[in-house]
Amino acid sequence: MKARMKNPAMLMPEIIQPIHALLGTAKKSGVPARTLELVHLRVSQINGCGFCVDVGARDLKKVGETDERMFAVAAWRETPYFTDAERAALALAEAATRLSDRADPVPDDVWEEAARHYDERALAGLILHVALVNCFNRFNVTTRQIAGSVKWEARADGR
């Protein structure tokens with residue numbers, strides 16, 4: 001495997017600071033860090049971003065996530081490992097990632113369940129986080145970044 005080019009964030013280092021700022025804002029929104037990391041992993045799985053799946057799994061391990069939950073993220077609906085709030089966040093993340101898959105991309109029931117668990121600030125942070133992960137996935141999938149190819153101190157997603 002070979003990357004097509006360096007990650008755009010590495011070629012344009014001036015975008016790292018704004019990415020850090022946006023990530024920091026999402027992390028301060030009231031959504032638990034572990035939930036944001038689960039969302040990162042799930043969105044990256046949907047988008048087929050091996051680089052980001054690798055990053056997501058490593059970051060989940062850093063925050064003490066169990067193997068059972070990490071292995072089950074792709075099948076979160078069919079496993080007992082997730083709280084209702086995490087399920088709501090994962091459902092919203094999936095809907096916001098798969099916008100073209102249905103006529104009503106983010107149905108009211110998905111939104112209402114998320115709003116039952118998160119206030120507006122947290123919802124804003126969750127939406128921002130999903131958008132950023134989708135951005136990272138698009139950088140990395142398009143340029144075929146290789147899982148494990150970037151030092152953790154200088155990752156392309158700014159984290």
# chains A, B, ... in the order shown; residues from 1 in each chain; ligands from 1
call {"tool": "select_by_dssp", "arguments": {"residues": "chain A", "states": "helix (DSSP H, G or I)", "output": "PyMOL selection string"}}
result
chain A and resi 8-11+13-27+33-47+50-62+67-78+84-97+99-101+108-117+120-142+152-154
call {"tool": "closest_residue", "arguments": {"among": "A:Asp54, A:Ala147, A:Thr83, A:Phe139", "to": "Pro8 in chain A", "atoms": "only C-alpha atoms"}}
result
A:Phe139
call {"tool": "closest_residue", "arguments": {"among": "A:Val141, A:Ala72, A:Val63, A:Met5", "to": "Arg34 in chain A", "atoms": "only C-alpha atoms"}}
result
A:Val63
call {"tool": "residues_around", "arguments": {"residues": "range 114-124 of chain A", "least_positions_apart": "3", "cutoff": "6 Å", "atoms": "only C-alpha atoms", "output": "JSON, numbers by chain"}}
result
{"A": [29, 30, 31, 85, 88, 111, 127]}
call {"tool": "atom_distance", "arguments": {"atom1": "CA of Leu36 in chain A", "atom2": "CA of Asp67 in chain A"}}
result
16.7 Å
call {"tool": "atom_distance", "arguments": {"atom1": "CA of Ala74 in chain A", "atom2": "CA of Cys135 in chain A"}}
result
19.8 Å
call {"tool": "atom_distance", "arguments": {"atom1": "CA of Val53 in chain A", "atom2": "CA of Leu41 in chain A"}}
result
5.5 Å
call {"tool": "closest_atom_pairs", "arguments": {"of": "range 49-140 of chain A", "to": "range 20-25 of chain A", "cutoff": "9 Å", "atoms": "only C-alpha atoms", "output": "JSON lines"}}
result
{"residue": "A:Gly125", "atom": "CA", "partner": "A:Thr25", "partner_atom": "CA", "distance": 7.0}
{"residue": "A:Leu128", "atom": "CA", "partner": "A:Leu22", "partner_atom": "CA", "distance": 7.7}
{"residue": "A:His129", "atom": "CA", "partner": "A:Leu23", "partner_atom": "CA", "distance": 6.9}
{"residue": "A:Leu132", "atom": "CA", "partner": "A:Leu23", "partner_atom": "CA", "distance": 7.7}
call {"tool": "write_last_selection", "arguments": {"atoms": "N, CA, C and O atoms", "output": "mmCIF file, in the first residue's frame"}}
result
data_model
loop_
_atom_site.group_PDB
_atom_site.id
_atom_site.type_symbol
_atom_site.label_atom_id
_atom_site.label_comp_id
_atom_site.auth_asym_id
_atom_site.auth_seq_id
_atom_site.Cartn_x
_atom_site.Cartn_y
_atom_site.Cartn_z
ATOM 1 N N GLY A 125 -21.934 20.437 19.543
ATOM 2 C CA GLY A 125 -20.612 19.821 19.608
ATOM 3 C C GLY A 125 -20.569 18.479 18.908
ATOM 4 O O GLY A 125 -19.598 18.149 18.221
ATOM 5 N N LEU A 128 -20.647 19.141 15.165
ATOM 6 C CA LEU A 128 -19.331 19.631 14.762
ATOM 7 C C LEU A 128 -18.335 18.478 14.698
ATOM 8 O O LEU A 128 -17.566 18.356 13.737
ATOM 9 N N HIS A 129 -18.351 17.622 15.712
ATOM 10 C CA HIS A 129 -17.419 16.497 15.745
ATOM 11 C C HIS A 129 -17.654 15.560 14.549
ATOM 12 O O HIS A 129 -16.693 15.137 13.897
ATOM 13 N N LEU A 132 -16.258 17.162 11.440
ATOM 14 C CA LEU A 132 -14.787 17.113 11.411
ATOM 15 C C LEU A 132 -14.282 15.718 11.066
ATOM 16 O O LEU A 132 -13.353 15.565 10.266
#
call {"tool": "residues_around", "arguments": {"residues": "Phe82 in chain A", "least_positions_apart": "3", "cutoff": "12 Å", "atoms": "only C-alpha atoms", "output": "number ranges by chain"}}
result
A: 34-35, 38-39, 65-66, 68-79, 85-91
call {"tool": "write_last_selection", "arguments": {"atoms": "C-alpha atoms", "output": "JSON list (two decimals), in the first residue's frame"}}
result
[["chain", "number", "residue", "atom", "x", "y", "z"],
["A", 34, "ARG", "CA", -15.56, 8.57, 25.21],
["A", 35, "THR", "CA", -18.79, 9.16, 23.27],
["A", 38, "LEU", "CA", -17.01, 6.13, 19.68],
["A", 39, "VAL", "CA", -18.58, 8.47, 17.13],
["A", 65, "GLU", "CA", -12.38, 1.77, 26.36],
["A", 66, "THR", "CA", -13.01, -1.97, 26.53],
["A", 68, "GLU", "CA", -15.90, -5.55, 23.70],
["A", 69, "ARG", "CA", -17.30, -2.08, 23.02],
["A", 70, "MET", "CA", -14.68, -1.23, 20.40],
["A", 71, "PHE", "CA", -15.30, -4.48, 18.54],
["A", 72, "ALA", "CA", -19.06, -3.89, 18.68],
["A", 73, "VAL", "CA", -19.19, -0.29, 17.45],
["A", 74, "ALA", "CA", -20.05, -1.39, 13.90],
["A", 75, "ALA", "CA", -22.98, -3.39, 15.30],
["A", 76, "TRP", "CA", -23.95, -1.09, 18.16],
["A", 77, "ARG", "CA", -27.69, -1.62, 17.59],
["A", 78, "GLU", "CA", -27.36, -5.37, 18.13],
["A", 79, "THR", "CA", -25.17, -5.35, 21.24],
["A", 85, "ALA", "CA", -27.16, 8.37, 25.20],
["A", 86, "GLU", "CA", -24.30, 6.71, 23.29],
["A", 87, "ARG", "CA", -26.82, 4.99, 21.01],
["A", 88, "ALA", "CA", -28.49, 8.33, 20.32],
["A", 89, "ALA", "CA", -25.12, 9.90, 19.48],
["A", 90, "LEU", "CA", -24.18, 6.99, 17.20],
["A", 91, "ALA", "CA", -27.54, 7.13, 15.41]]
call {"tool": "closest_residue", "arguments": {"among": "A:Arg4, A:Phe136, A:Asp109, A:Ser100", "to": "Ile16 in chain A", "atoms": "only C-alpha atoms"}}
result
A:Phe136
